[in-house]
Amino acid sequence: MNTFGRVDLPQDQADALRRAVRLEWITIGFTSVTIVLVALVVGNSQAMKTAWIEDMLSLIPQIAFLVALIFVRRRPTRRFPYGLHRTMGIGHLVAGVALLAVGGSLAAESVIGLLAAEHPTIGTVVVFGTAVWLGWFMIGVMAVIVVGPLIYAPAKSRLAPLLHNKVLFADADMAKADWTTNAASIVGVLGIGIGWWWLDGAAALFISAGILWDGVKNTRTAVRDLMDQRARSVDDREPHPLIEEIIAALSRVSWIREAGVRVRDEGQVFHVEAFVVPRTKRVSVRRLTAATEAIVALDWKVQDVSLIVVAKLPDEAER
């Protein structure tokens, strides 16, 4: 649990990883119970059916994280000289594509239902000899199950940057939005109850649009990372600050006139190609080793460093 490939995790990251694994297992257990509860009361509401499917889809990031973790901990080999860190990115892509495909299908189904003016109905159930509208049970279940995500989503959000794990961040981001899904499904059920049949279809469309947007965001981020875009922050909003730190560290080395880097994200760790223009014609191995070690010491995420002496920096290198 304390190793990613050839990188030994600092204590803070090792502790964060253990908490993240524990949270993912807790989330899987909670979501499994949620799926069963919603299945018992789903009825004919399109909004409830869509929310139920979303609950099942929400298991994908958690499973992807736990499965990928088995591989990223393995050390590099001759067959996989860079390690197996890309499996985390593959898991991210699988989750994104699943959300994209199912979200699109559900959105189309919701639109068709609205255009066809389908009027869903919610019946009654007998409880202790009394007929009770099933919609009250639907509302009750959706109101209760939102408590879980409100607890574990913020915890995952705090852990994701510590581990630089975009799958964990996506999982937390989806969990934060669960309350909107539950609220929309409640609105849909109440709409059926007061005779506004279209509210159910509109709520289903709102929920499926959220699933679709999650799929777009995560698929886009995963594909770009697998295509070796420059390393970015865990929320994908900006270039990772470590890039500037590496350039600054190299600029402080006396024998280096100019420095540039290319940094790619391999899934939780970085591969760094550092290009340096020396002030002299000859550079000793000792100096190259010291500069390399200075880069490695900056951050635990630096998995591999290639320090290359050049006469001119490549155009695409960050300066």
# chains A, B, ... in the order shown; residues from 1 in each chain; ligands from 1
>>> residues_around(residues="stretch 30-37 of chain A", least_positions_apart="3", cutoff="12 Å", atoms="only C-alpha atoms", output="JSON, numbers by chain")
{"A": [23, 24, 25, 26, 27, 40, 41, 42, 43, 48, 49, 50, 51, 52, 53, 54, 55, 56, 57, 58, 59, 60, 62, 63, 137, 138, 139, 140, 141, 142, 143, 144, 145, 146, 147, 148, 149, 151, 152, 175, 178, 182]}
>>> closest_residue(among="A:Ile194, A:Ala117, A:Ala153, A:Ala16", to="A:Asp171", atoms="only C-alpha atoms")
A:Ala153
>>> closest_residue(among="A:Leu307, A:Ala259, A:Val283, A:Val216", to="A:Val102", atoms="only C-alpha atoms")
A:Val216
>>> select_by_dssp(residues="stretch 210-302 of chain A", states="alpha helix (DSSP H)", output="PyMOL selection string")
chain A and resi 210-226+242-251+285-296
>>> atom_distance(atom1="atom CA of A:Ala249", atom2="atom CA of A:Val296")
10.6 Å
>>> closest_residue(among="A:Arg19, A:Arg86, A:His164, A:Arg6", to="A:Val234", atoms="only C-alpha atoms")
A:His164
>>> residues_around(residues="A:Gln13", least_positions_apart="6", cutoff="10 Å", atoms="only C-alpha atoms", output="JSON, numbers by chain")
{"A": [1, 2, 3, 19, 159, 161, 162, 163, 164, 300]}
>>> write_last_selection(atoms="C-alpha atoms", output="PDB file, in the first residue's frame")
ATOM      1  CA  MET A   1       0.000   0.000   0.000  1.00  0.00           C
ATOM      2  CA  ASN A   2       3.016   2.283   0.395  1.00  0.00           C
ATOM      3  CA  THR A   3       4.353   1.920  -3.160  1.00  0.00           C
ATOM      4  CA  ARG A  19      -8.410   6.074   3.754  1.00  0.00           C
ATOM      5  CA  LEU A 159      -7.974  12.893  -0.602  1.00  0.00           C
ATOM      6  CA  PRO A 161      -5.449  16.080  -4.623  1.00  0.00           C
ATOM      7  CA  LEU A 162      -3.170  14.411  -2.065  1.00  0.00           C
ATOM      8  CA  LEU A 163      -2.976  11.320  -4.279  1.00  0.00           C
ATOM      9  CA  HIS A 164      -3.349  13.183  -7.595  1.00  0.00           C
ATOM     10  CA  TRP A 300       6.741  12.134  -4.729  1.00  0.00           C
TER      11      TRP A 300
END
>>> atom_distance(atom1="atom CA of A:Lys176", atom2="atom CA of A:Val97")
20.0 Å
>>> residues_around(residues="A:Ala291", least_positions_apart="3", cutoff="8 Å", atoms="only C-alpha atoms", output="compact mmCIF listing (two decimals) with C-alpha atoms, in the first residue's frame")
# COMPACT_ATOMS: atom_id res chain seq x y z
CA LEU A 250 16.79 23.76 -12.85
CA VAL A 253 21.60 25.31 -11.04
CA ARG A 287 26.38 17.34 -12.27
CA LEU A 288 23.73 15.56 -14.33
CA ALA A 294 16.98 17.72 -7.37
CA ILE A 295 13.96 17.18 -9.64
>>> atom_distance(atom1="atom CA of A:Thr280", atom2="atom CA of A:Val302")
27.6 Å
>>> closest_residue(among="A:Ile247, A:Leu106, A:Ala222, A:Ala184", to="A:Leu298", atoms="only C-alpha atoms")
A:Ile247
>>> select_by_dssp(residues="stretch 81-266 of chain A", states="strand (DSSP E or B)", output="list in words")
Thr124, Val125, Val126, Val127, Thr130, Ala131, Val132, Trp133, Arg230, Arg232, Pro239, Ile256, Arg257, Glu258, Ala259, Gly260, Val261, Arg262, Val263, Arg264 and Asp265 of chain A
>>> write_last_selection(atoms="N, CA and C atoms", output="compact mmCIF listing (two decimals), in the first residue's frame")
# COMPACT_ATOMS: atom_id res chain seq x y z
N THR A 124 -50.89 2.24 -5.12
CA THR A 124 -50.85 2.21 -3.65
C THR A 124 -50.39 0.84 -3.17
N VAL A 125 -49.94 0.80 -1.95
CA VAL A 125 -49.58 -0.46 -1.30
C VAL A 125 -50.31 -0.53 0.04
N VAL A 126 -50.60 -1.73 0.47
CA VAL A 126 -51.31 -1.92 1.72
C VAL A 126 -50.30 -2.13 2.84
N VAL A 127 -50.32 -1.26 3.84
CA VAL A 127 -49.42 -1.33 4.99
C VAL A 127 -50.26 -1.43 6.24
N THR A 130 -53.80 -0.64 5.70
CA THR A 130 -54.14 0.69 5.19
C THR A 130 -53.47 0.90 3.84
N ALA A 131 -54.23 1.43 2.88
CA ALA A 131 -53.69 1.72 1.55
C ALA A 131 -52.89 3.02 1.61
N VAL A 132 -51.63 2.93 1.21
CA VAL A 132 -50.73 4.08 1.24
C VAL A 132 -50.18 4.31 -0.16
N TRP A 133 -50.18 5.56 -0.57
CA TRP A 133 -49.65 5.91 -1.89
C TRP A 133 -48.16 5.57 -1.94
N ARG A 230 0.03 17.82 -21.50
CA ARG A 230 0.90 18.20 -20.39
C ARG A 230 0.15 17.99 -19.08
N ARG A 232 -1.73 18.15 -15.77
CA ARG A 232 -2.64 19.16 -15.26
C ARG A 232 -3.06 18.81 -13.84
N PRO A 239 -2.63 23.87 -15.80
CA PRO A 239 -1.39 23.08 -15.80
C PRO A 239 -0.92 22.81 -14.37
N ILE A 256 23.58 25.54 -15.62
CA ILE A 256 22.51 25.50 -16.63
C ILE A 256 22.17 26.93 -17.07
N ARG A 257 22.25 27.18 -18.38
CA ARG A 257 21.91 28.49 -18.93
C ARG A 257 20.41 28.62 -19.14
N GLU A 258 19.78 27.56 -19.64
CA GLU A 258 18.36 27.61 -19.96
C GLU A 258 17.78 26.21 -19.77
N ALA A 259 16.53 26.15 -19.31
CA ALA A 259 15.90 24.85 -19.05
C ALA A 259 14.46 24.85 -19.54
N GLY A 260 14.02 23.68 -19.98
CA GLY A 260 12.63 23.48 -20.38
C GLY A 260 12.23 22.05 -20.09
N VAL A 261 10.95 21.80 -19.92
CA VAL A 261 10.50 20.46 -19.56
C VAL A 261 9.26 20.05 -20.36
N ARG A 262 9.09 18.76 -20.46
CA ARG A 262 7.84 18.15 -20.92
C ARG A 262 7.42 17.17 -19.83
N VAL A 263 6.24 17.37 -19.29
CA VAL A 263 5.76 16.54 -18.19
C VAL A 263 4.43 15.92 -18.58
N ARG A 264 4.35 14.62 -18.50
CA ARG A 264 3.10 13.93 -18.81
C ARG A 264 2.61 13.15 -17.60
N ASP A 265 1.31 13.07 -17.50
CA ASP A 265 0.65 12.41 -16.38
C ASP A 265 0.40 10.95 -16.75
>>> closest_residue(among="A:Ile186, A:Val7, A:Ala107, A:Met174", to="A:Gly83", atoms="only C-alpha atoms")
A:Val7
>>> residues_around(residues="A:Leu226", least_positions_apart="6", cutoff="8 Å", atoms="only C-alpha atoms", output="PyMOL selection string")
chain A and resi 86+89-90+266
